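Chemist: Hey, dropping work.txt in here, compact mmCIF, C-alpha atoms:
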# COMPACT_ATOMS: atom_id res chain seq x y z
CA MET A 1 -10.83 -6.69 12.77
CA LYS A 2 -10.10 -3.37 14.46
CA ARG A 3 -7.94 -1.21 12.20
CA HIS A 4 -5.58 1.57 13.29
CA LEU A 5 -5.93 3.32 9.94
CA THR A 6 -8.41 3.22 7.11
CA ILE A 7 -7.68 0.55 4.54
CA LEU A 8 -7.39 2.90 1.61
CA SER A 9 -5.71 5.86 3.27
CA ALA A 10 -2.15 4.77 2.49
CA ALA A 11 -3.03 3.90 -1.08
CA ALA A 12 -4.82 7.23 -1.51
CA ALA A 13 -1.68 8.99 -0.34
CA VAL A 14 0.22 7.23 -3.08
CA VAL A 15 -2.16 8.55 -5.74
CA ILE A 16 -1.69 12.09 -4.43
CA ALA A 17 2.08 11.64 -4.47
CA LEU A 18 1.92 10.28 -7.99
CA THR A 19 0.05 13.38 -9.11
CA VAL A 20 2.62 15.67 -7.50
CA SER A 21 5.74 13.79 -8.55
CA GLY A 22 4.63 12.58 -11.94
CA CYS A 23 6.33 9.31 -11.02
CA GLY A 24 9.74 10.89 -11.28
CA GLY A 25 12.86 9.11 -10.18
CA SER A 26 15.02 7.00 -12.41
CA ALA A 27 12.51 5.83 -15.04
CA ALA A 28 13.74 8.31 -17.61
CA GLY A 29 15.33 5.77 -19.92
CA ASP A 30 14.07 4.61 -23.30
CA ASP A 31 14.55 1.60 -25.55
CA THR A 32 17.13 3.12 -27.87
CA GLY A 33 18.34 6.40 -26.41
CA GLY A 34 18.14 7.78 -29.94
CA THR A 35 20.93 5.45 -31.07
CA GLY A 36 18.77 2.71 -32.52
CA ALA A 37 20.34 0.17 -30.15
CA PRO A 38 17.78 -1.53 -27.86
CA GLY A 39 18.43 -0.72 -24.22
CA ALA A 40 21.20 1.79 -25.00
CA ASN A 41 19.82 4.43 -22.65
CA GLU A 42 17.92 2.32 -20.15
CA VAL A 43 18.35 2.68 -16.39
CA LYS A 44 20.90 0.17 -15.15
CA GLU A 45 20.79 0.92 -11.42
CA LEU A 46 17.69 -0.07 -9.45
CA ARG A 47 16.93 1.59 -6.12
CA TYR A 48 15.31 -0.70 -3.57
CA GLN A 49 14.65 -1.36 0.11
CA GLY A 50 16.00 -4.42 1.91
CA TRP A 51 15.04 -6.32 5.05
CA ALA A 52 17.29 -6.30 8.12
CA ASN A 53 19.12 -9.56 8.89
CA ASN A 54 17.81 -11.09 5.70
CA VAL A 55 18.98 -11.49 2.10
CA THR A 56 16.37 -10.81 -0.58
CA LEU A 57 16.16 -12.69 -3.85
CA PRO A 58 17.41 -9.70 -5.90
CA GLU A 59 20.41 -9.41 -3.55
CA LEU A 60 21.11 -13.11 -4.01
CA ALA A 61 20.66 -12.81 -7.78
CA GLN A 62 23.22 -10.00 -7.91
CA ASP A 63 25.72 -11.97 -5.84
CA LEU A 64 25.28 -15.00 -8.12
CA GLY A 65 25.94 -12.84 -11.19
CA TYR A 66 22.42 -13.22 -12.58
CA LEU A 67 21.75 -9.48 -12.98
CA GLY A 68 24.42 -8.85 -15.60
CA ASP A 69 25.00 -5.12 -16.03
CA VAL A 70 22.04 -4.19 -13.82
CA LYS A 71 23.12 -3.01 -10.37
CA LEU A 72 21.15 -2.71 -7.12
CA ASN A 73 21.24 0.47 -5.05
CA TRP A 74 20.15 -0.16 -1.46
CA VAL A 75 18.45 2.93 0.00
CA GLY A 76 17.44 1.49 3.38
CA ASN A 77 15.30 -1.20 4.98
CA THR A 78 11.56 -1.72 5.35
CA ILE A 79 9.44 -3.96 7.56
CA SER A 80 6.27 -3.44 5.50
CA GLY A 81 5.34 -4.76 2.08
CA PRO A 82 2.63 -2.10 1.52
CA GLN A 83 5.16 0.62 2.35
CA ASP A 84 7.67 -0.98 -0.01
CA ILE A 85 5.35 -0.95 -3.02
CA GLN A 86 4.11 2.54 -2.16
CA SER A 87 7.72 3.71 -2.36
CA ALA A 88 7.99 2.14 -5.81
CA ALA A 89 4.70 3.71 -6.92
CA THR A 90 5.81 7.21 -5.90
CA GLY A 91 9.26 6.93 -7.48
CA GLN A 92 11.25 6.78 -4.25
CA THR A 93 12.45 3.34 -5.33
CA ASP A 94 12.31 1.50 -8.63
CA PHE A 95 10.74 -1.76 -7.46
CA GLY A 96 9.08 -3.09 -4.34
CA GLY A 97 7.48 -6.27 -3.11
CA ALA A 98 4.33 -6.96 -1.12
CA PHE A 99 1.45 -9.29 -0.42
CA ALA A 100 -0.73 -9.77 -3.53
CA GLY A 101 -3.74 -8.20 -1.80
CA ALA A 102 -1.73 -5.07 -1.03
CA VAL A 103 -0.91 -4.81 -4.74
CA VAL A 104 -4.64 -4.99 -5.52
CA LYS A 105 -5.30 -2.14 -3.06
CA LEU A 106 -2.67 0.04 -4.64
CA VAL A 107 -3.90 -0.58 -8.18
CA GLU A 108 -7.56 -0.11 -7.21
CA ALA A 109 -6.59 3.26 -5.70
CA GLY A 110 -5.16 4.32 -9.06
CA ALA A 111 -1.43 3.64 -8.70
CA PRO A 112 0.06 2.62 -12.08
CA VAL A 113 2.10 -0.40 -10.98
CA LYS A 114 2.27 -3.93 -12.36
CA ALA A 115 3.57 -7.18 -10.87
CA VAL A 116 6.34 -9.00 -12.76
CA ILE A 117 7.38 -11.98 -10.59
CA ASN A 118 6.41 -13.65 -7.32
CA TYR A 119 9.11 -13.32 -4.68
CA TYR A 120 7.68 -15.09 -1.64
CA GLY A 121 5.34 -17.96 -0.98
CA GLU A 122 4.43 -20.75 1.38
CA ASP A 123 5.11 -24.47 1.32
CA SER A 124 5.35 -27.29 3.86
CA LYS A 125 8.76 -26.03 5.02
CA THR A 126 8.36 -22.26 4.78
CA PHE A 127 5.13 -20.68 5.99
CA ASN A 128 3.66 -18.15 8.43
CA GLY A 129 2.37 -19.42 11.76
CA PHE A 130 0.30 -17.59 14.35
CA TYR A 131 1.80 -18.27 17.74
CA VAL A 132 0.79 -17.92 21.39
CA LYS A 133 2.53 -18.78 24.66
CA GLU A 134 2.43 -22.47 25.51
CA ASP A 135 0.03 -21.90 28.41
CA SER A 136 -2.24 -19.50 26.51
CA PRO A 137 -6.00 -20.22 26.65
CA ILE A 138 -6.23 -19.49 22.92
CA LYS A 139 -6.86 -22.76 21.07
CA THR A 140 -9.61 -22.04 18.54
CA ALA A 141 -10.65 -19.18 16.25
CA ARG A 142 -13.33 -18.05 18.68
CA ASP A 143 -10.72 -17.67 21.43
CA PHE A 144 -9.18 -14.76 19.49
CA ILE A 145 -12.22 -12.54 20.12
CA GLY A 146 -11.09 -9.57 22.23
CA LYS A 147 -7.43 -10.52 21.88
CA LYS A 148 -4.42 -8.74 20.35
CA ILE A 149 -2.44 -10.25 17.47
CA ALA A 150 0.91 -8.82 16.41
CA VAL A 151 1.41 -8.32 12.66
CA ASN A 152 4.21 -6.56 10.81
CA THR A 153 1.84 -4.16 9.05
CA LEU A 154 -1.87 -3.60 8.51
CA GLY A 155 -3.69 -4.45 5.30
CA ALA A 156 -1.21 -7.11 4.22
CA HIS A 157 -0.61 -10.87 4.23
CA SER A 158 -1.17 -11.56 7.93
CA GLU A 159 -4.38 -9.55 8.13
CA ALA A 160 -5.82 -11.34 5.10
CA VAL A 161 -4.88 -14.76 6.51
CA ILE A 162 -6.30 -13.95 9.96
CA ASN A 163 -9.53 -12.63 8.41
CA THR A 164 -9.85 -15.76 6.25
CA TYR A 165 -9.14 -18.09 9.19
CA LEU A 166 -11.71 -16.41 11.43
CA ARG A 167 -14.34 -16.29 8.70
CA LYS A 168 -13.83 -19.94 7.73
CA ASN A 169 -14.23 -20.90 11.37
CA GLY A 170 -17.62 -19.28 11.71
CA LEU A 171 -16.96 -15.85 13.21
CA SER A 172 -19.32 -13.08 12.15
CA ALA A 173 -18.16 -9.76 10.76
CA ASP A 174 -18.91 -8.09 14.12
CA GLU A 175 -16.92 -10.75 16.00
CA ILE A 176 -13.97 -10.40 13.63
CA LYS A 177 -13.93 -6.66 14.36
CA GLN A 178 -13.24 -7.48 18.00
CA VAL A 179 -9.92 -9.11 17.12
CA GLN A 180 -7.32 -6.35 17.42
CA LEU A 181 -4.27 -6.25 15.17
CA VAL A 182 -1.18 -4.55 16.61
CA VAL A 183 1.73 -3.50 14.43
CA VAL A 184 5.00 -4.93 15.78
CA PRO A 185 8.31 -5.16 13.85
CA PRO A 186 8.94 -8.82 12.87
CA ASN A 187 12.20 -8.97 14.81
CA ASP A 188 10.33 -7.94 17.98
CA THR A 189 7.24 -10.15 17.63
CA GLU A 190 8.58 -13.19 19.49
CA GLU A 191 9.54 -11.08 22.50
CA ALA A 192 6.19 -9.25 22.45
CA ILE A 193 4.38 -12.60 22.72
CA ARG A 194 6.62 -13.84 25.51
CA ARG A 195 6.21 -10.61 27.52
CA GLY A 196 2.43 -10.66 27.14
CA GLN A 197 2.35 -7.38 25.24
CA VAL A 198 0.20 -9.20 22.69
CA ASP A 199 -1.81 -12.41 22.98
CA ALA A 200 -0.54 -13.86 19.69
CA GLY A 201 1.75 -12.97 16.83
CA ALA A 202 2.51 -13.79 13.23
CA LEU A 203 5.91 -15.41 12.74
CA GLY A 204 7.33 -16.51 9.42
CA SER A 205 10.28 -18.30 7.95
CA ILE A 206 13.53 -17.74 9.83
CA LEU A 207 11.97 -15.79 12.72
CA GLN A 208 9.37 -18.50 13.23
CA ASP A 209 11.93 -21.32 13.35
CA LYS A 210 14.11 -19.35 15.75
CA ALA A 211 11.16 -18.73 18.07
CA VAL A 212 10.14 -22.39 18.02
CA ALA A 213 13.72 -23.44 18.77
CA ASN A 214 13.68 -21.16 21.83
CA GLY A 215 10.70 -23.10 23.19
CA GLY A 216 7.62 -21.99 25.12
CA LEU A 217 5.45 -21.06 22.12
CA ARG A 218 2.90 -23.05 20.12
CA SER A 219 1.11 -22.51 16.83
CA VAL A 220 -2.68 -22.12 16.72
CA PHE A 221 -2.84 -22.14 12.91
CA SER A 222 -0.78 -21.30 9.82
CA ASP A 223 -1.44 -20.03 6.32
CA PHE A 224 -0.18 -23.38 4.98
CA ASP A 225 -2.94 -25.05 7.04
CA LEU A 226 -5.47 -22.86 5.24
CA PHE A 227 -4.22 -22.89 1.66
CA GLY A 228 -1.44 -25.43 1.19
CA SER A 229 1.43 -24.27 -1.06
CA PHE A 230 0.82 -20.88 -2.70
CA ALA A 231 2.49 -17.69 -3.92
CA GLY A 232 2.18 -14.86 -1.42
CA GLY A 233 3.27 -11.73 -3.24
CA PRO A 234 5.11 -10.22 -6.23
CA TYR A 235 7.63 -7.53 -7.04
CA VAL A 236 6.10 -4.56 -8.86
CA PHE A 237 7.41 -1.76 -11.07
CA ARG A 238 5.68 1.39 -12.22
CA GLU A 239 4.18 1.01 -15.67
CA ASP A 240 6.18 3.95 -17.04
CA PHE A 241 9.38 2.29 -15.85
CA LEU A 242 8.38 -0.95 -17.60
CA ALA A 243 7.71 0.92 -20.84
CA GLN A 244 10.97 2.88 -20.76
CA ASN A 245 13.28 0.16 -19.41
CA PRO A 246 12.00 -3.20 -20.70
CA ASN A 247 15.42 -4.80 -21.09
CA THR A 248 16.51 -3.80 -17.60
CA VAL A 249 13.28 -5.18 -16.14
CA ARG A 250 13.71 -8.39 -18.11
CA THR A 251 17.27 -8.80 -16.81
CA PHE A 252 16.09 -8.17 -13.25
CA THR A 253 13.05 -10.43 -13.44
CA THR A 254 14.87 -13.28 -15.12
CA GLY A 255 17.72 -12.94 -12.62
CA VAL A 256 15.31 -13.21 -9.70
CA ALA A 257 13.69 -16.26 -11.33
CA LYS A 258 17.14 -17.85 -11.63
CA ALA A 259 17.83 -17.09 -7.95
CA ILE A 260 14.54 -18.79 -7.03
CA GLU A 261 15.56 -21.92 -8.93
CA TRP A 262 19.09 -21.76 -7.49
CA GLU A 263 17.66 -21.86 -3.97
CA ARG A 264 15.30 -24.67 -4.97
CA THR A 265 18.03 -26.90 -6.40
CA THR A 266 21.04 -26.07 -4.20
CA PRO A 267 21.73 -28.06 -1.01
CA ARG A 268 20.41 -26.27 2.08
CA LYS A 269 23.83 -25.88 3.71
CA GLU A 270 25.21 -24.19 0.59
CA VAL A 271 22.27 -21.78 0.44
CA ILE A 272 22.73 -20.80 4.09
CA ALA A 273 26.48 -20.35 3.60
CA ARG A 274 25.91 -18.09 0.58
CA LEU A 275 23.27 -15.97 2.31
CA THR A 276 25.50 -15.62 5.36
CA LYS A 277 28.44 -14.51 3.22
CA ILE A 278 26.32 -11.86 1.49
CA LEU A 279 24.96 -10.52 4.75
CA LYS A 280 28.37 -10.30 6.41
CA GLU A 281 30.13 -8.70 3.45
CA ARG A 282 27.61 -5.92 2.81
CA GLY A 283 28.44 -4.16 6.09
CA ARG A 284 25.03 -3.19 7.44
CA ASN A 285 25.79 -4.19 11.05
CA GLU A 286 23.43 -7.18 10.94
CA ASN A 287 23.24 -10.47 12.82
CA PRO A 288 23.45 -13.54 10.53
CA ALA A 289 22.48 -16.02 13.29
CA ALA A 290 18.87 -16.45 12.16
CA LEU A 291 19.92 -17.49 8.64
CA GLN A 292 20.74 -20.98 9.93
CA TYR A 293 16.97 -21.60 10.11
CA TRP A 294 16.45 -21.10 6.36
CA LYS A 295 14.57 -24.10 4.94
CA SER A 296 13.22 -23.44 1.45
CA VAL A 297 12.57 -20.72 -1.11
CA GLY A 298 8.79 -21.16 -0.76
CA VAL A 299 8.09 -19.50 -4.12
CA PRO A 300 6.34 -21.62 -6.77
CA ALA A 301 8.49 -22.61 -9.75
CA LYS A 302 10.27 -19.77 -11.56
CA GLY A 303 8.18 -17.13 -9.79
CA GLU A 304 5.38 -17.40 -12.33
CA ILE A 305 2.34 -15.26 -11.49
CA LYS A 306 -1.16 -16.68 -11.95
CA ASP A 307 -4.69 -15.30 -11.58
CA GLU A 308 -5.29 -17.31 -8.41
CA ASP A 309 -2.41 -15.53 -6.68
CA PHE A 310 -4.80 -12.55 -6.49
CA THR A 311 -8.27 -14.12 -6.63
CA ARG A 312 -7.42 -16.28 -3.59
CA TRP A 313 -7.96 -13.14 -1.49
CA GLU A 314 -11.12 -11.96 -3.24
CA GLU A 315 -13.50 -12.51 -0.30
CA TYR A 316 -11.17 -10.71 2.09
CA LEU A 317 -10.75 -7.81 -0.34
CA LYS A 318 -14.50 -7.49 -0.72
CA SER A 319 -15.07 -7.63 3.04
CA ALA A 320 -12.47 -4.89 3.51
CA GLY A 321 -14.12 -2.71 0.86
CA ILE A 322 -11.11 -2.81 -1.46
CA ILE A 323 -13.07 -4.19 -4.41
CA LYS A 324 -16.80 -3.97 -5.09
CA SER A 325 -17.10 -6.67 -7.75
CA ASP A 326 -15.20 -9.69 -9.03
CA LEU A 327 -11.47 -9.13 -9.38
CA ASP A 328 -9.90 -8.68 -12.83
CA ALA A 329 -6.57 -10.34 -12.06
CA LYS A 330 -5.16 -10.08 -15.58
CA LYS A 331 -4.71 -6.30 -15.28
CA LEU A 332 -2.48 -6.70 -12.23
CA TYR A 333 0.48 -8.65 -13.61
CA THR A 334 2.56 -9.79 -16.54
CA ASN A 335 4.99 -12.70 -16.98
CA GLU A 336 6.46 -11.24 -20.17
CA PHE A 337 9.69 -10.12 -18.49
CA ASN A 338 10.44 -13.52 -16.95
CA GLY A 339 12.87 -15.11 -19.38
CA LEU A 340 12.71 -18.51 -17.65
CA LEU A 341 9.07 -18.63 -18.70
CA THR A 342 9.06 -16.86 -22.06
CA ASP A 343 12.21 -18.53 -23.41
CA SER A 344 10.80 -21.99 -22.73
CA LYS A 345 7.69 -21.39 -24.83
The structure given in the file should be rewritten as structure tokens.

Modeler:
Amino acid sequence: MKRHLTILSAAAAVVIALTVSGCGGSAAGDDTGGTGAPGANEVKELRYQGWANNVTLPELAQDLGYLGDVKLNWVGNTISGPQDIQSAATGQTDFGGAFAGAVVKLVEAGAPVKAVINYYGEDSKTFNGFYVKEDSPIKTARDFIGKKIAVNTLGAHSEAVINTYLRKNGLSADEIKQVQLVVVPPNDTEEAIRRGQVDAGALGSILQDKAVANGGLRSVFSDFDLFGSFAGGPYVFREDFLAQNPNTVRTFTTGVAKAIEWERTTPRKEVIARLTKILKERGRNENPAALQYWKSVGVPAKGEIKDEDFTRWEEYLKSAGIIKSDLDAKKLYTNEFNGLLTDSK
């Protein structure tokens, strides 16, 4: 696919920033603070980026009281998973979340981050579809040659899915390069398709359901069609932050796992009502209308991370030049901070 920036350029910038900043920020805690009491001097406020018109799992966990004495400090919004984890890697935030393949890119480029829990995924109710106008001539993979597809960012989930879809349907590497990806903010993707600014666009979760309800669009394929249910991406922390603030990270990770299970087991209407309340009360001048389309948490049970969450994208990562040999998934993640998993063993 045609790229508007080199795959590794953003990740390389992170490594430079890490060298300059020394991964500063708020990771200056330690296990005892010299008092002998575990966690006595650990960071208790986590800086993070949110998503406009949406409520993240950490935000839900905090509202439900699952984060205990750990507080969230919202520093702004993002529309890009790779940007979010780059901010965490350079110390601008304390954690970030992105597509699993984007995490691989960052680690392969030398960024010292590690995944601790999956925060998004796909199932039969919640997935990413690739939509065109109802009267579009695009019906098969080959019809995408020479066309523009809107994605929220390059080098992330949608690009990997598109690449996999095209490759599985027989397109050559040269033909795949003729499919142009155009970066469009998720909230603007539906309108960009309808206006003909792009030929197709990636729509997920709430935005997808809202677009379908408006009529006039149809799906050509989805990531659920390709893979069935799967985990899409994890939250990551810098390794120095994990070492210096293990109790804080455990509280955070376990709280997010509890929020995942709360969404899984709570009636849909109650989940929507809670998310709407959170969004309205936080005062960010957002529109809660799209929340009515929430269907499921999508994340596999308890947010557990597995090797296949990364190796699923191995062919794409090799084709993009991110990895040269087989992927060593074990170095990318740990489940040790997820109390819903460790306490049950």

Chemist: Pick the closest to Asp84 in chain A from A:Pro112, A:Pro234, A:Pro300, A:Gly201: which is it, counting all atoms listed in the file?

Modeler: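 Closest to Asp84 in chain A of all the choices is A:Pro234.
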
Chemist: Counting all atoms listed in the file, I want the residues whose atoms come within 9 Å of (18.6, -25.1, 3.0) in the file frame, returned as an MDAnalysis selection string.

Modeler: chainID A and resid 263:264 266:272 292:297

Chemist: Could you pull the residues within 8 Å of Ala290 in chain A, counting all atoms listed in the file, minus those fewer than 5 positions along the same chain, as a PyMOL selection string?

Modeler: chain A and resi 53+206-207+210

Chemist: Within 6 Å of Gly232 in chain A, counting all atoms listed in the file, which residues qualify if same-chain residues fewer than 6 places away don't, as a ChimeraX atom specification?

Modeler: /A:99,120-121

Chemist: Please report as a Markdown table every residue of range 167-245 of chain A lying within 10 Å of range 318-341 of chain A, along with the nearest atom pair and their distance in Å (one decimal), using all atoms listed in the file.

Modeler:
| residue | atom | partner | partner_atom | distance |
| --- | --- | --- | --- | --- |
| A:Ala173 | CA | A:Ser319 | CA | 8.6 |
| A:Pro234 | CA | A:Tyr333 | CA | 8.9 |
| A:Tyr235 | CA | A:Tyr333 | CA | 9.8 |
| A:Val236 | CA | A:Tyr333 | CA | 8.4 |
| A:Leu242 | CA | A:Phe337 | CA | 9.3 |

Chemist: Distance cut-off 6 Å, centre (-2.0, -1.9, 2.9) in file coordinates, counting all atoms listed in the file: which residues qualify? Return them as a list in words.

Modeler: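 Protein, DNA and RNA residues close to (-2.0, -1.9, 2.9): Pro82, Ala102, Leu154, Gly155 and Ala156 of chain A.
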
Chemist: List as JSON, numbers by chain the protein and nucleic acid residues near Gly170 in chain A, meaning an atom at most 9 Å away when all atoms listed in the file are counted, but skip any in the same chain fewer than 4 places from it.

Modeler: {"A": [141, 142, 165, 166]}

Chemist: Those selected residues, please, written with C-alpha atoms and delivered as a short mmCIF file (atom, residue, chain, number, x, y, z; two decimals), keeping the file's coordinate frame.

Modeler:
data_model
loop_
_atom_site.label_atom_id
_atom_site.label_comp_id
_atom_site.auth_asym_id
_atom_site.auth_seq_id
_atom_site.Cartn_x
_atom_site.Cartn_y
_atom_site.Cartn_z
CA ALA A 141 -10.65 -19.18 16.25
CA ARG A 142 -13.33 -18.05 18.68
CA TYR A 165 -9.14 -18.09 9.19
CA LEU A 166 -11.71 -16.41 11.43
#

Chemist: Between A:Lys139, A:Gly81, A:Leu72, A:Gln208, single out the one closest to Thr153 in chain A, counting only C-alpha atoms.

Modeler: A:Gly81

Chemist: Go through A:Ala115, A:Ile162, A:Ile149, A:Ala202 one by one, measure the shortest atom-to-atom distance of each to Phe95 in chain A using all atoms listed in the file, and give the residue with the smallest value.

Modeler: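 Of A:Ala115, A:Ile162, A:Ile149, A:Ala202, the one nearest Phe95 in chain A, counting all atoms listed in the file, is A:Ala115.
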
Chemist: Counting all atoms listed in the file, which of A:Arg312, A:Arg274, A:Lys280, A:Lys302 gets nearest to Leu64 in chain A?

Modeler: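 Checking each of A:Arg312, A:Arg274, A:Lys280, A:Lys302 against Leu64 in chain A, counting all atoms listed in the file, the winner is A:Arg274.
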
Chemist: Work out how far CA of Thr56 in chain A is from CA of Ile85 in chain A, in Å to one decimal.

Modeler: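 CA of Thr56 in chain A lies 15.0 Å from CA of Ile85 in chain A.
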
Chemist: With distances taken over all atoms listed in the file, which residue among A:Pro288, A:Gly101, A:Gly215, A:Gly68 lies nearest Glu315 in chain A?

Modeler: A:Gly101

Chemist: Could you name the residues that touch Thr78 in chain A at 12 Å or less, counting all atoms listed in the file, but leaving out those on the same chain fewer than 2 positions away, as a VMD selection string?

Modeler: chain A and resid 48 to 54 56 74 to 76 80 to 87 93 96 to 98 152 to 153 185 to 187

Chemist: Please produce range 283-294 of chain A, completed to N, CA, C and O atoms, as a PDB file, keeping the file's coordinate frame.

Modeler:
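Resulting contents of selection29.pdb:
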ATOM      1  N   GLY A 283      28.117  -5.164   5.088  1.00  0.00           N
ATOM      2  CA  GLY A 283      28.440  -4.160   6.090  1.00  0.00           C
ATOM      3  C   GLY A 283      27.298  -3.307   6.590  1.00  0.00           C
ATOM      4  O   GLY A 283      27.434  -2.091   6.726  1.00  0.00           O
ATOM      5  N   ARG A 284      26.174  -3.942   6.914  1.00  0.00           N
ATOM      6  CA  ARG A 284      25.030  -3.190   7.440  1.00  0.00           C
ATOM      7  C   ARG A 284      24.832  -3.426   8.937  1.00  0.00           C
ATOM      8  O   ARG A 284      23.753  -3.163   9.474  1.00  0.00           O
ATOM      9  N   ASN A 285      25.850  -3.950   9.611  1.00  0.00           N
ATOM     10  CA  ASN A 285      25.790  -4.190  11.050  1.00  0.00           C
ATOM     11  C   ASN A 285      24.613  -5.092  11.421  1.00  0.00           C
ATOM     12  O   ASN A 285      23.804  -4.785  12.300  1.00  0.00           O
ATOM     13  N   GLU A 286      24.530  -6.244  10.743  1.00  0.00           N
ATOM     14  CA  GLU A 286      23.430  -7.180  10.940  1.00  0.00           C
ATOM     15  C   GLU A 286      23.908  -8.459  11.626  1.00  0.00           C
ATOM     16  O   GLU A 286      25.090  -8.767  11.640  1.00  0.00           O
ATOM     17  N   ASN A 287      22.950  -9.200  12.165  1.00  0.00           N
ATOM     18  CA  ASN A 287      23.240 -10.470  12.820  1.00  0.00           C
ATOM     19  C   ASN A 287      22.824 -11.623  11.906  1.00  0.00           C
ATOM     20  O   ASN A 287      21.638 -11.784  11.603  1.00  0.00           O
ATOM     21  N   PRO A 288      23.767 -12.452  11.463  1.00  0.00           N
ATOM     22  CA  PRO A 288      23.450 -13.540  10.530  1.00  0.00           C
ATOM     23  C   PRO A 288      22.930 -14.804  11.213  1.00  0.00           C
ATOM     24  O   PRO A 288      22.617 -15.786  10.533  1.00  0.00           O
ATOM     25  N   ALA A 289      22.803 -14.796  12.551  1.00  0.00           N
ATOM     26  CA  ALA A 289      22.480 -16.020  13.290  1.00  0.00           C
ATOM     27  C   ALA A 289      21.189 -16.681  12.811  1.00  0.00           C
ATOM     28  O   ALA A 289      21.109 -17.915  12.703  1.00  0.00           O
ATOM     29  N   ALA A 290      20.174 -15.878  12.521  1.00  0.00           N
ATOM     30  CA  ALA A 290      18.870 -16.450  12.160  1.00  0.00           C
ATOM     31  C   ALA A 290      18.883 -17.152  10.812  1.00  0.00           C
ATOM     32  O   ALA A 290      17.999 -17.972  10.533  1.00  0.00           O
ATOM     33  N   LEU A 291      19.866 -16.870   9.968  1.00  0.00           N
ATOM     34  CA  LEU A 291      19.920 -17.490   8.640  1.00  0.00           C
ATOM     35  C   LEU A 291      20.063 -19.003   8.702  1.00  0.00           C
ATOM     36  O   LEU A 291      19.706 -19.702   7.757  1.00  0.00           O
ATOM     37  N   GLN A 292      20.566 -19.525   9.817  1.00  0.00           N
ATOM     38  CA  GLN A 292      20.740 -20.980   9.930  1.00  0.00           C
ATOM     39  C   GLN A 292      19.400 -21.711   9.895  1.00  0.00           C
ATOM     40  O   GLN A 292      19.351 -22.920   9.659  1.00  0.00           O
ATOM     41  N   TYR A 293      18.295 -20.975  10.094  1.00  0.00           N
ATOM     42  CA  TYR A 293      16.970 -21.600  10.110  1.00  0.00           C
ATOM     43  C   TYR A 293      16.315 -21.606   8.732  1.00  0.00           C
ATOM     44  O   TYR A 293      15.176 -22.067   8.599  1.00  0.00           O
ATOM     45  N   TRP A 294      17.018 -21.087   7.714  1.00  0.00           N
ATOM     46  CA  TRP A 294      16.450 -21.100   6.360  1.00  0.00           C
ATOM     47  C   TRP A 294      16.145 -22.528   5.937  1.00  0.00           C
ATOM     48  O   TRP A 294      16.958 -23.436   6.152  1.00  0.00           O
TER      49      TRP A 294
END
